[in-house]
file start.csv (CSV, C-alpha atoms)
chain,number,residue,atom,x,y,z
A,6,MET,CA,16.0,-52.6,8.0
A,7,THR,CA,16.8,-51.5,11.5
A,8,ALA,CA,14.6,-53.1,14.2
A,9,ARG,CA,11.7,-51.0,15.2
A,10,ARG,CA,11.6,-50.4,18.9
A,11,LEU,CA,9.1,-48.6,21.0
A,12,THR,CA,9.6,-47.9,24.7
A,13,LEU,CA,6.5,-48.6,26.8
A,14,TYR,CA,6.0,-47.1,30.2
A,15,PRO,CA,3.8,-48.5,32.9
A,16,GLN,CA,0.2,-47.5,33.2
A,17,SER,CA,0.9,-46.1,36.7
A,18,ASN,CA,3.0,-43.4,35.1
A,19,TYR,CA,-0.1,-41.9,33.5
A,20,GLN,CA,-2.9,-40.1,35.1
A,21,PHE,CA,-6.3,-39.4,33.6
A,22,THR,CA,-8.5,-36.4,34.5
A,23,THR,CA,-11.4,-34.8,32.7
A,24,LYS,CA,-12.2,-31.7,30.8
A,25,ASP,CA,-15.2,-30.1,28.9
A,26,LYS,CA,-17.0,-32.4,26.6
A,27,GLN,CA,-16.3,-32.5,22.9
A,28,PRO,CA,-19.4,-33.7,21.1
A,29,GLU,CA,-19.0,-35.7,17.9
A,30,GLU,CA,-19.2,-33.4,14.9
A,31,ASP,CA,-21.8,-35.6,13.3
A,32,PRO,CA,-24.6,-37.0,15.4
A,33,THR,CA,-25.2,-40.1,13.2
A,34,VAL,CA,-23.4,-42.2,10.7
A,35,SER,CA,-25.5,-41.0,7.9
A,36,ALA,CA,-24.8,-37.4,8.8
A,37,ARG,CA,-21.1,-38.2,8.9
A,38,MET,CA,-21.4,-39.6,5.4
A,39,ARG,CA,-23.3,-36.6,4.1
A,40,ARG,CA,-20.7,-34.3,5.4
A,41,LEU,CA,-17.9,-36.5,3.9
A,42,GLU,CA,-19.7,-36.2,0.5
A,43,SER,CA,-20.3,-32.4,0.6
A,44,GLU,CA,-16.7,-31.8,1.7
A,45,TYR,CA,-15.4,-34.2,-1.0
A,46,GLU,CA,-17.1,-32.1,-3.6
A,47,VAL,CA,-15.3,-29.0,-2.4
A,48,HIS,CA,-11.9,-30.3,-1.3
A,49,GLY,CA,-11.5,-33.8,-2.7
A,50,MET,CA,-10.4,-36.8,-0.7
A,51,ARG,CA,-10.5,-36.4,3.0
A,52,ARG,CA,-7.2,-37.0,4.8
A,53,SER,CA,-7.4,-38.4,8.4
A,54,VAL,CA,-4.7,-39.2,10.9
A,55,ASP,CA,-5.0,-41.5,13.9
A,56,ALA,CA,-2.6,-42.4,16.7
A,57,ILE,CA,-1.4,-45.6,18.3
A,58,LEU,CA,-0.6,-44.8,22.0
A,59,LEU,CA,0.7,-47.7,24.1
A,60,PHE,CA,1.6,-48.3,27.7
A,61,HIS,CA,2.4,-51.6,29.5
A,62,GLN,CA,1.0,-53.5,32.4
A,63,LYS,CA,3.4,-56.0,33.8
A,64,GLY,CA,5.3,-55.8,30.6
A,65,PHE,CA,2.3,-56.4,28.3
A,66,PRO,CA,1.4,-53.8,25.7
A,67,HIS,CA,-2.0,-52.1,26.0
A,68,LEU,CA,-3.5,-49.7,23.4
A,69,LEU,CA,-5.2,-46.5,24.5
A,70,ILE,CA,-8.5,-46.0,22.8
A,71,LEU,CA,-11.4,-43.6,23.2
A,72,GLN,CA,-14.8,-45.1,24.0
A,73,ILE,CA,-17.6,-42.9,22.8
A,74,SER,CA,-20.5,-45.2,23.6
A,75,ASN,CA,-21.0,-48.8,24.6
A,76,THR,CA,-20.3,-50.0,21.1
A,77,TYR,CA,-18.3,-47.2,19.5
A,78,PHE,CA,-14.5,-47.0,20.0
A,79,LYS,CA,-11.9,-45.0,18.1
A,80,LEU,CA,-8.3,-44.2,18.1
A,81,PRO,CA,-7.4,-40.6,19.0
A,82,GLY,CA,-6.9,-38.5,15.9
A,83,GLY,CA,-9.1,-36.8,13.3
A,84,TYR,CA,-9.6,-35.1,10.0
A,85,LEU,CA,-6.9,-32.8,8.6
A,86,ASN,CA,-7.8,-29.5,7.1
A,87,PRO,CA,-7.0,-29.1,3.4
A,88,GLY,CA,-3.2,-28.5,3.0
A,89,GLU,CA,-2.5,-29.2,6.7
A,90,ASP,CA,0.7,-31.2,7.4
A,91,GLU,CA,-0.1,-34.7,8.6
A,92,ILE,CA,2.4,-34.8,11.4
A,93,GLU,CA,1.7,-31.4,12.8
A,94,GLY,CA,-2.0,-32.0,12.3
A,95,LEU,CA,-1.9,-35.2,14.3
A,96,LYS,CA,0.0,-33.5,17.1
A,97,GLN,CA,-2.7,-30.8,17.2
A,98,ARG,CA,-5.6,-33.3,17.2
A,99,LEU,CA,-4.0,-35.2,20.1
A,100,GLN,CA,-3.4,-32.0,22.0
A,101,ASP,CA,-7.0,-30.8,21.4
A,102,ARG,CA,-8.5,-34.1,22.5
A,103,LEU,CA,-6.2,-35.3,25.3
A,104,HIS,CA,-4.1,-32.6,26.9
A,105,SER,CA,-4.8,-31.3,30.3
A,106,PRO,CA,-5.0,-27.5,30.2
A,107,THR,CA,-4.6,-27.3,34.0
A,108,HIS,CA,-1.4,-29.4,34.0
A,109,ASP,CA,0.4,-28.3,30.8
A,110,THR,CA,2.9,-25.7,31.8
A,111,LEU,CA,3.9,-25.2,28.1
A,112,LYS,CA,1.3,-24.0,25.6
A,113,PRO,CA,0.6,-25.4,23.2
A,114,GLY,CA,2.8,-28.2,24.6
A,115,LEU,CA,3.0,-30.2,21.4
A,116,GLU,CA,6.4,-31.5,22.4
A,117,ASP,CA,4.8,-34.4,24.3
A,118,TRP,CA,3.6,-35.9,21.0
A,119,VAL,CA,6.4,-37.7,19.3
A,120,ILE,CA,5.0,-39.0,16.1
A,121,ARG,CA,6.9,-42.1,14.8
A,122,GLU,CA,6.1,-43.8,11.5
A,123,CYS,CA,3.0,-44.5,9.6
A,124,VAL,CA,2.2,-48.2,10.2
A,125,GLY,CA,-0.9,-48.5,8.0
A,126,LYS,CA,-3.5,-46.7,5.9
A,127,TRP,CA,-7.2,-47.3,5.5
A,128,TRP,CA,-9.0,-46.3,2.3
A,129,ARG,CA,-12.7,-45.5,2.1
A,130,PRO,CA,-13.9,-46.1,-1.5
A,131,ASP,CA,-17.4,-44.8,-1.0
A,132,TYR,CA,-19.6,-42.7,1.3
A,133,ASP,CA,-20.2,-45.6,3.6
A,134,GLN,CA,-18.5,-47.4,6.5
A,135,LYS,CA,-16.4,-49.8,4.5
A,136,THR,CA,-12.6,-49.2,4.6
A,137,PHE,CA,-9.7,-51.3,3.3
A,138,PRO,CA,-6.0,-51.4,4.0
A,139,TRP,CA,-5.2,-50.9,0.3
A,140,ILE,CA,-7.0,-49.3,-2.6
A,141,PRO,CA,-9.4,-51.8,-4.0
A,142,ASP,CA,-9.1,-52.5,-7.7
A,143,TYR,CA,-12.3,-50.8,-8.8
A,144,VAL,CA,-11.6,-47.6,-6.9
A,145,THR,CA,-10.4,-44.6,-8.9
A,146,HIS,CA,-11.4,-41.8,-6.5
A,147,PRO,CA,-11.2,-42.9,-2.8
A,148,LYS,CA,-13.2,-40.6,-0.6
A,149,GLU,CA,-10.9,-40.8,2.5
A,150,CYS,CA,-7.4,-42.0,3.3
A,151,LYS,CA,-6.7,-42.4,7.0
A,152,LYS,CA,-3.1,-42.9,8.1
A,153,VAL,CA,-2.3,-44.6,11.4
A,154,PHE,CA,0.9,-43.5,13.2
A,155,VAL,CA,2.8,-44.9,16.1
A,156,VAL,CA,3.4,-42.3,18.8
A,157,GLN,CA,6.1,-42.6,21.4
A,158,LEU,CA,4.5,-41.4,24.7
A,159,PRO,CA,6.7,-39.6,27.2
A,160,SER,CA,7.5,-41.4,30.4
A,161,HIS,CA,4.9,-39.5,32.5
A,162,LYS,CA,1.9,-37.6,31.5
A,163,ILE,CA,-1.5,-36.3,32.7
A,164,PHE,CA,-4.2,-36.7,30.2
A,165,ALA,CA,-7.5,-34.9,30.3
A,166,ILE,CA,-10.4,-36.7,28.6
A,167,PRO,CA,-13.6,-34.9,27.4
A,168,THR,CA,-16.4,-35.9,29.8
A,169,ASN,CA,-18.5,-37.5,27.0
A,170,MET,CA,-15.7,-40.0,26.3
A,171,LYS,CA,-13.7,-42.6,28.3
A,172,MET,CA,-10.1,-43.5,27.6
A,173,ILE,CA,-9.5,-47.2,28.1
A,174,GLY,CA,-6.4,-49.3,27.9
A,175,VAL,CA,-6.9,-52.6,26.1
A,176,PRO,CA,-4.4,-55.4,25.9
A,177,LEU,CA,-3.4,-56.4,22.4
A,178,PHE,CA,-4.7,-59.9,22.8
A,179,GLU,CA,-8.2,-58.5,23.5
A,180,LEU,CA,-8.1,-56.5,20.3
A,181,TYR,CA,-6.7,-59.2,18.0
A,182,GLY,CA,-9.3,-60.5,15.6
A,183,ASN,CA,-12.0,-58.7,17.6
A,184,ALA,CA,-13.5,-56.6,14.8
A,185,THR,CA,-17.0,-57.3,16.1
A,186,ARG,CA,-16.4,-55.3,19.2
A,187,TYR,CA,-13.8,-52.7,18.2
A,188,GLY,CA,-14.2,-52.4,14.5
A,189,PRO,CA,-11.7,-53.6,11.9
A,190,GLN,CA,-9.3,-50.6,12.2
A,191,ILE,CA,-8.7,-51.0,15.9
A,192,ALA,CA,-8.8,-54.8,15.8
A,193,MET,CA,-6.0,-54.7,13.2
A,194,VAL,CA,-3.6,-52.7,15.4
A,195,PRO,CA,-1.7,-55.8,16.7
A,196,GLN,CA,-0.9,-56.8,13.1
A,197,MET,CA,0.1,-53.2,12.2
A,198,LEU,CA,2.6,-53.3,15.2
A,199,SER,CA,3.8,-56.8,14.4
A,200,ALA,CA,7.3,-55.6,13.2
A,201,TYR,CA,7.9,-53.8,16.5
A,202,ASP,CA,10.0,-54.8,19.5
A,203,PHE,CA,8.4,-53.4,22.6
A,204,VAL,CA,10.7,-52.3,25.4
A,205,PRO,CA,8.8,-52.1,28.6
A,206,LYS,CA,10.3,-49.9,31.3
A,207,GLY,CA,9.5,-48.9,34.8
A,208,ASP,CA,8.1,-50.3,38.0
A,209,SER,CA,5.0,-52.2,37.1
A,210,LYS,CA,7.0,-55.0,35.4
A,211,ILE,CA,6.8,-58.0,37.6
B,15,MET,CA,8.8,-41.2,8.6
B,16,THR,CA,9.5,-41.3,4.9
B,17,ALA,CA,6.8,-42.9,2.8
B,18,ARG,CA,7.4,-46.6,2.0
B,19,ARG,CA,7.4,-47.2,-1.7
B,20,LEU,CA,7.7,-50.5,-3.6
B,21,THR,CA,8.0,-50.7,-7.3
B,22,LEU,CA,5.9,-53.4,-8.9
B,23,TYR,CA,6.6,-54.8,-12.4
B,24,PRO,CA,4.0,-56.5,-14.6
B,25,GLN,CA,3.5,-60.2,-14.4
B,26,SER,CA,4.5,-60.4,-18.1
B,27,ASN,CA,8.1,-59.5,-17.1
B,28,TYR,CA,8.4,-62.7,-15.2
B,29,GLN,CA,8.7,-66.2,-16.5
B,30,PHE,CA,8.2,-69.4,-14.6
B,31,THR,CA,9.9,-72.7,-15.4
B,32,THR,CA,10.4,-75.9,-13.3
B,33,LYS,CA,13.2,-77.7,-11.6
B,34,ASP,CA,13.7,-80.8,-9.5
B,35,LYS,CA,11.2,-81.3,-6.8
B,36,GLN,CA,12.0,-80.2,-3.2
B,37,PRO,CA,9.9,-82.4,-0.9
B,38,GLU,CA,8.7,-80.9,2.4
B,39,GLU,CA,11.2,-81.8,5.1
B,40,ASP,CA,8.4,-83.0,7.3
B,41,PRO,CA,5.7,-85.2,5.8
B,42,THR,CA,3.0,-84.3,8.3
B,43,VAL,CA,2.1,-81.5,10.7
B,44,SER,CA,2.8,-83.7,13.7
B,45,ALA,CA,6.2,-84.7,12.3
B,46,ARG,CA,6.9,-80.9,11.8
B,47,MET,CA,6.0,-80.3,15.4
B,48,ARG,CA,8.1,-83.1,16.7
B,49,ARG,CA,11.2,-81.8,14.8
B,50,LEU,CA,10.5,-78.3,16.1
B,51,GLU,CA,10.5,-79.7,19.6
B,52,SER,CA,13.7,-81.8,19.2
B,53,GLU,CA,15.5,-78.9,17.6
B,54,TYR,CA,14.3,-76.5,20.3
B,55,GLU,CA,15.8,-78.7,23.0
B,56,VAL,CA,19.2,-78.3,21.2
B,57,HIS,CA,19.2,-74.9,19.7
B,58,GLY,CA,16.4,-72.9,21.4
B,59,MET,CA,13.8,-70.9,19.5
B,60,ARG,CA,13.6,-71.5,15.8
B,61,ARG,CA,14.1,-68.4,13.6
B,62,SER,CA,12.3,-68.4,10.3
B,63,VAL,CA,12.2,-65.9,7.5
B,64,ASP,CA,9.6,-65.4,4.8
B,65,ALA,CA,9.4,-63.2,1.8
B,66,ILE,CA,6.7,-61.0,0.3
B,67,LEU,CA,7.2,-60.9,-3.5
B,68,LEU,CA,4.8,-58.8,-5.5
B,69,PHE,CA,4.0,-58.0,-9.1
B,70,HIS,CA,1.2,-56.1,-10.7
B,71,GLN,CA,-1.5,-56.9,-13.2
B,72,LYS,CA,-3.1,-53.8,-14.7
B,73,GLY,CA,-1.7,-51.9,-11.8
B,74,PHE,CA,-3.1,-54.1,-9.0
B,75,PRO,CA,-0.7,-55.7,-6.6
B,76,HIS,CA,-0.5,-59.5,-6.6
B,77,LEU,CA,1.4,-61.7,-4.1
B,78,LEU,CA,3.5,-64.6,-5.2
B,79,ILE,CA,2.9,-67.7,-3.0
B,80,LEU,CA,3.8,-71.3,-3.2
B,81,GLN,CA,1.0,-73.8,-3.4
B,82,ILE,CA,2.1,-77.1,-2.0
B,83,SER,CA,-1.3,-78.9,-2.1
B,84,ASN,CA,-4.9,-78.0,-2.7
B,85,THR,CA,-5.2,-76.6,0.7
B,86,TYR,CA,-1.6,-75.7,1.7
B,87,PHE,CA,0.0,-72.4,0.7
B,88,LYS,CA,3.1,-70.7,2.0
B,89,LEU,CA,5.3,-67.7,1.5
B,90,PRO,CA,8.8,-68.6,0.1
B,91,GLY,CA,11.3,-68.7,2.8
B,92,GLY,CA,12.3,-71.1,5.5
B,93,TYR,CA,14.2,-71.8,8.7
B,94,LEU,CA,17.5,-70.3,9.5
B,95,ASN,CA,20.4,-72.3,10.8
B,96,PRO,CA,21.6,-71.4,14.3
B,97,GLY,CA,23.6,-68.2,14.1
B,98,GLU,CA,22.8,-67.6,10.4
B,99,ASP,CA,22.2,-63.9,9.4
B,100,GLU,CA,18.5,-63.4,8.6
B,101,ILE,CA,19.0,-61.3,5.5
B,102,GLU,CA,21.6,-63.5,3.9
B,103,GLY,CA,19.7,-66.5,5.1
B,104,LEU,CA,16.5,-65.3,3.4
B,105,LYS,CA,18.4,-64.6,0.1
B,106,GLN,CA,19.8,-68.1,0.2
B,107,ARG,CA,16.3,-69.7,0.9
B,108,LEU,CA,14.8,-67.7,-2.0
B,109,GLN,CA,17.7,-68.7,-4.3
B,110,ASP,CA,17.4,-72.4,-3.3
B,111,ARG,CA,13.7,-72.5,-3.8
B,112,LEU,CA,13.1,-70.2,-6.8
B,113,HIS,CA,16.2,-69.5,-8.9
B,114,SER,CA,16.6,-71.1,-12.3
B,115,PRO,CA,20.0,-72.8,-12.6
B,116,THR,CA,19.8,-72.8,-16.4
B,117,HIS,CA,19.1,-69.1,-16.6
B,118,ASP,CA,21.3,-67.7,-13.9
B,119,THR,CA,24.5,-66.5,-15.4
B,120,LEU,CA,25.9,-65.5,-12.0
B,121,LYS,CA,26.3,-68.0,-9.3
B,122,PRO,CA,25.1,-67.9,-6.6
B,123,GLY,CA,23.2,-64.9,-8.1
B,124,LEU,CA,21.9,-63.6,-4.8
B,125,GLU,CA,22.0,-60.1,-6.2
B,126,ASP,CA,18.4,-60.5,-7.5
B,127,TRP,CA,17.0,-60.7,-4.0
B,128,VAL,CA,16.8,-57.2,-2.6
B,129,ILE,CA,15.5,-57.6,0.9
B,130,ARG,CA,13.7,-54.6,2.2
B,131,GLU,CA,12.3,-54.2,5.7
B,132,CYS,CA,10.6,-56.6,8.1
B,133,VAL,CA,6.9,-55.8,8.0
B,134,GLY,CA,5.8,-58.3,10.6
B,135,LYS,CA,6.6,-61.1,13.0
B,136,TRP,CA,4.7,-64.3,13.9
B,137,TRP,CA,5.4,-66.0,17.2
B,138,ARG,CA,4.7,-69.6,17.9
B,139,PRO,CA,4.1,-70.1,21.6
B,140,ASP,CA,3.9,-73.9,21.6
B,141,TYR,CA,4.5,-77.0,19.5
B,142,ASP,CA,1.3,-76.5,17.5
B,143,GLN,CA,0.0,-74.5,14.6
B,144,LYS,CA,-1.1,-71.4,16.5
B,145,THR,CA,0.9,-68.3,15.8
B,146,PHE,CA,0.4,-64.7,16.8
B,147,PRO,CA,1.7,-61.3,15.6
B,148,TRP,CA,3.0,-60.5,19.0
B,149,ILE,CA,4.2,-62.5,22.0
B,150,PRO,CA,1.1,-63.5,24.0
B,151,ASP,CA,1.2,-62.6,27.7
B,152,TYR,CA,1.5,-66.1,29.0
B,153,VAL,CA,4.5,-67.0,26.8
B,154,THR,CA,8.0,-66.9,28.3
B,155,HIS,CA,9.7,-69.2,25.8
B,156,PRO,CA,8.3,-69.0,22.3
B,157,LYS,CA,9.2,-71.9,20.1
B,158,GLU,CA,9.5,-70.0,16.9
B,159,CYS,CA,9.7,-66.5,15.6
B,160,LYS,CA,9.1,-66.0,11.9
B,161,LYS,CA,10.0,-62.6,10.4
B,162,VAL,CA,8.3,-61.5,7.2
B,163,PHE,CA,10.3,-59.3,4.8
B,164,VAL,CA,9.3,-57.2,1.8
B,165,VAL,CA,11.5,-58.0,-1.2
B,166,GLN,CA,12.0,-55.7,-4.1
B,167,LEU,CA,11.9,-57.9,-7.2
B,168,PRO,CA,14.1,-57.0,-10.2
B,169,SER,CA,12.3,-55.7,-13.3
B,170,HIS,CA,12.7,-59.1,-15.1
B,171,LYS,CA,13.4,-62.6,-13.9
B,172,ILE,CA,13.0,-66.2,-14.7
B,173,PHE,CA,11.9,-68.3,-11.8
B,174,ALA,CA,12.2,-72.1,-11.6
B,175,ILE,CA,9.7,-73.8,-9.3
B,176,PRO,CA,10.2,-77.3,-7.9
B,177,THR,CA,7.8,-79.6,-9.7
B,178,ASN,CA,6.1,-80.6,-6.5
B,179,MET,CA,4.9,-77.0,-6.0
B,180,LYS,CA,3.1,-74.3,-7.9
B,181,MET,CA,3.8,-70.6,-7.7
B,182,ILE,CA,0.7,-68.6,-8.0
B,183,GLY,CA,0.0,-64.8,-8.0
B,184,VAL,CA,-3.0,-63.8,-5.9
B,185,PRO,CA,-4.5,-60.3,-5.8
B,186,LEU,CA,-4.5,-58.7,-2.4
B,187,PHE,CA,-8.3,-58.5,-2.3
B,188,GLU,CA,-8.5,-62.3,-2.6
B,189,LEU,CA,-6.2,-62.7,0.4
B,190,TYR,CA,-7.7,-60.1,2.6
B,191,GLY,CA,-9.6,-61.7,5.4
B,192,ASN,CA,-9.3,-65.1,3.7
B,193,ALA,CA,-7.5,-67.0,6.5
B,194,THR,CA,-9.8,-70.0,5.9
B,195,ARG,CA,-8.2,-70.6,2.5
B,196,TYR,CA,-4.7,-69.2,2.8
B,197,GLY,CA,-4.0,-69.4,6.6
B,198,PRO,CA,-3.7,-66.4,8.9
B,199,GLN,CA,-0.1,-65.5,7.9
B,200,ILE,CA,-0.8,-65.1,4.2
B,201,ALA,CA,-4.3,-63.6,4.7
B,202,MET,CA,-2.6,-60.9,6.8
B,203,VAL,CA,-0.2,-59.8,4.1
B,204,PRO,CA,-2.4,-56.9,2.9
B,205,GLN,CA,-2.5,-55.4,6.3
B,206,MET,CA,1.3,-55.8,6.8
B,207,LEU,CA,1.7,-53.9,3.5
B,208,SER,CA,-0.8,-51.3,4.4
B,209,ALA,CA,1.8,-48.5,5.0
B,210,TYR,CA,3.2,-49.0,1.5
B,211,ASP,CA,2.6,-47.0,-1.6
B,212,PHE,CA,2.9,-49.3,-4.6
B,213,VAL,CA,4.4,-47.9,-7.8
B,214,PRO,CA,3.3,-50.0,-10.8
B,215,LYS,CA,5.6,-49.8,-13.8
B,216,GLY,CA,5.7,-51.3,-17.2
B,217,ASP,CA,3.3,-52.3,-20.0
B,218,SER,CA,0.5,-54.2,-18.5
B,219,LYS,CA,-0.9,-51.1,-16.8
B,220,ILE,CA,-4.1,-50.2,-18.7
call {"tool": "encode", "arguments": {"input": "start.csv", "output": "structure tokens"}}
result
Amino acid sequence: MTARRLTLYPQSNYQFTTKDKQPEEDPTVSARMRRLESEYEVHGMRRSVDAILLFHQKGFPHLLILQISNTYFKLPGGYLNPGEDEIEGLKQRLQDRLHSPTHDTLKPGLEDWVIRECVGKWWRPDYDQKTFPWIPDYVTHPKECKKVFVVQLPSHKIFAIPTNMKMIGVPLFELYGNATRYGPQIAMVPQMLSAYDFVPKGDSKI
Amino acid sequence: MTARRLTLYPQSNYQFTTKDKQPEEDPTVSARMRRLESEYEVHGMRRSVDAILLFHQKGFPHLLILQISNTYFKLPGGYLNPGEDEIEGLKQRLQDRLHSPTHDTLKPGLEDWVIRECVGKWWRPDYDQKTFPWIPDYVTHPKECKKVFVVQLPSHKIFAIPTNMKMIGVPLFELYGNATRYGPQIAMVPQMLSAYDFVPKGDSKI
């Protein structure tokens, strides 16, 4: 029942550099669905974990998302291996995708990823693109469950983004209700965060 | 980081009877906005609290909402008095609206209302019907903040509903994305609950 608070640091505290590209594992949506199906037959339901990373600009929260193409955006995160712990797995996915090998003094440097709570889940009933924030009535064997976690970023950090992606900061108001552009999962982040009090710190607050 | 669980009991465990009508305090939307404005000038931002009450039917979660007219639905709850505690205030609003005076052996019987956490907030920037799940950038003095709490219902209960209202149970899939019928706040309840695991108990699970 305690209030949920998240400290936001200004965008100017973060730097973005690049590193080697990390191609999508599946070149097309249909290839992705075929792999989901073949892995389901071996391992059962896929477990995925995504991260909500936020900074502020003049006090207003912005979400960090990866832009893969003009029309494809995603939260940083990924699939877990069978049996892999979801918290440790999410830290590892964030590290693999976003850390800067030339700036990290610690290896593997997972300390920077402070995983807070799960604020939502998305269930995929079938081998297609439809996902729902609860298990629909007719579904007995969902094919994927993706958990979305809030992450407390450190006050300063240098990110390195694979050259085939861009990392962009999008204000919450731009995401809200904008499933057409960002997809339902990203468009729903403002609602998933709606119980939070944001505490903006640092110098870009005007 | 612990999983959020909510026990759901079957609809058949709950009975619904009636009691004296409780007319809306404001007969029209514009009257409601005028009162919001006049109270804001005296007391500042209005604080409201609403409740998410759930049961299950054959294992599937349903939300209890009040139907005021053919097109007007709301969550049980209400405005807090200046300085009133939000948890105790929500219990009192639920009691006033929903308890059955002929069946409650305890008075005031507030023990039945177990308020869990706040799962979302709605901010009203102006004296109109627009609300947002965060504080929009241009807003320095929001006029209302409504907090939405999950409530753990007891295994059995007799509700009494004012005769000018109906209480209806709506499955989450019917609410999801259906802001046109239920309004944005109720339509968003499935997403606000999306981090929860529901644990259906009792005999109507097939």
call {"tool": "interface_residues", "arguments": {"input": "start.csv", "of": "chain A", "to": "chain B", "cutoff": "10 Å", "atoms": "only C-alpha atoms", "output": "ChimeraX atom specification"}}
result
/A:6-9,63-66,92,120-128,137-143,152-154,176-178,181,193-203
call {"tool": "residues_around", "arguments": {"input": "start.csv", "residues": "Arg186 in chain A", "least_positions_apart": "6", "cutoff": "10 Å", "atoms": "all atoms listed in the file", "output": "list in words"}}
result
Asn75, Thr76, Tyr77, Phe78, Glu179, Leu180 and Ala192 of chain A
call {"tool": "residues_around", "arguments": {"input": "start.csv", "residues": "range 104-107 of chain B", "least_positions_apart": "2", "cutoff": "7 Å", "atoms": "only C-alpha atoms", "output": "VMD selection string"}}
result
chain B and resid 63 91 to 92 100 to 102 109 to 111 124 127
call {"tool": "atom_distance", "arguments": {"input": "start.csv", "atom1": "CA of Tyr84 in chain A", "atom2": "CA of Asn169 in chain A"}}
result
19.3 Å
call {"tool": "atom_distance", "arguments": {"input": "start.csv", "atom1": "CA of Gln157 in chain A", "atom2": "CA of Val204 in chain A"}}
result
11.5 Å
call {"tool": "residues_near_point", "arguments": {"input": "start.csv", "point": "(4.9, -70.2, -16.9)", "cutoff": "12 Å", "atoms": "only C-alpha atoms", "output": "list of chain:residue names"}}
result
B:Gln25, B:Ser26, B:Asn27, B:Tyr28, B:Gln29, B:Phe30, B:Thr31, B:Thr32, B:Lys171, B:Ile172, B:Phe173, B:Ala174, B:Ile175, B:Lys180, B:Met181, B:Ile182, B:Gly183
call {"tool": "residues_around", "arguments": {"input": "start.csv", "residues": "Lys215 in chain B", "least_positions_apart": "4", "cutoff": "10 Å", "atoms": "all atoms listed in the file", "output": "list in words"}}
result
Thr21, Leu22, Tyr23, Pro24, Phe69, His70, Lys72, Gly73, Ser169 and Lys219 of chain B
call {"tool": "atom_distance", "arguments": {"input": "start.csv", "atom1": "CA of Pro106 in chain A", "atom2": "CA of Leu80 in chain A"}}
result
20.9 Å
call {"tool": "build_atoms", "arguments": {"input": "start.csv", "residues": "range 123-134 of chain A", "atoms": "N, CA and C atoms", "output": "mmCIF file, in the coordinates of the input"}}
result
data_model
loop_
_atom_site.group_PDB
_atom_site.id
_atom_site.type_symbol
_atom_site.label_atom_id
_atom_site.label_comp_id
_atom_site.auth_asym_id
_atom_site.auth_seq_id
_atom_site.Cartn_x
_atom_site.Cartn_y
_atom_site.Cartn_z
ATOM 1 N N CYS A 123 4.260 -44.024 10.083
ATOM 2 C CA CYS A 123 3.000 -44.500 9.600
ATOM 3 C C CYS A 123 3.040 -46.037 9.515
ATOM 4 N N VAL A 124 2.174 -46.760 10.229
ATOM 5 C CA VAL A 124 2.200 -48.200 10.200
ATOM 6 C C VAL A 124 1.046 -48.802 9.346
ATOM 7 N N GLY A 125 0.176 -47.945 8.838
ATOM 8 C CA GLY A 125 -0.900 -48.500 8.000
ATOM 9 C C GLY A 125 -1.781 -47.354 7.494
ATOM 10 N N LYS A 126 -2.510 -47.694 6.454
ATOM 11 C CA LYS A 126 -3.500 -46.700 5.900
ATOM 12 C C LYS A 126 -4.787 -47.454 5.661
ATOM 13 N N TRP A 127 -5.854 -46.738 5.810
ATOM 14 C CA TRP A 127 -7.200 -47.300 5.500
ATOM 15 C C TRP A 127 -7.831 -46.368 4.479
ATOM 16 N N TRP A 128 -8.334 -47.000 3.434
ATOM 17 C CA TRP A 128 -9.000 -46.300 2.300
ATOM 18 C C TRP A 128 -10.462 -46.495 2.358
ATOM 19 N N ARG A 129 -11.203 -45.406 2.149
ATOM 20 C CA ARG A 129 -12.700 -45.500 2.100
ATOM 21 C C ARG A 129 -13.089 -45.218 0.651
ATOM 22 N N PRO A 130 -13.538 -46.270 -0.053
ATOM 23 C CA PRO A 130 -13.900 -46.100 -1.500
ATOM 24 C C PRO A 130 -15.132 -45.257 -1.705
ATOM 25 N N ASP A 131 -16.095 -45.370 -0.780
ATOM 26 C CA ASP A 131 -17.400 -44.800 -1.000
ATOM 27 C C ASP A 131 -17.863 -43.997 0.227
ATOM 28 N N TYR A 132 -19.019 -43.426 0.120
ATOM 29 C CA TYR A 132 -19.600 -42.700 1.300
ATOM 30 C C TYR A 132 -20.322 -43.702 2.169
ATOM 31 N N ASP A 133 -19.572 -44.671 2.664
ATOM 32 C CA ASP A 133 -20.200 -45.600 3.600
ATOM 33 C C ASP A 133 -19.073 -46.065 4.585
ATOM 34 N N GLN A 134 -19.382 -47.068 5.407
ATOM 35 C CA GLN A 134 -18.500 -47.400 6.500
ATOM 36 C C GLN A 134 -17.346 -48.362 6.115
#
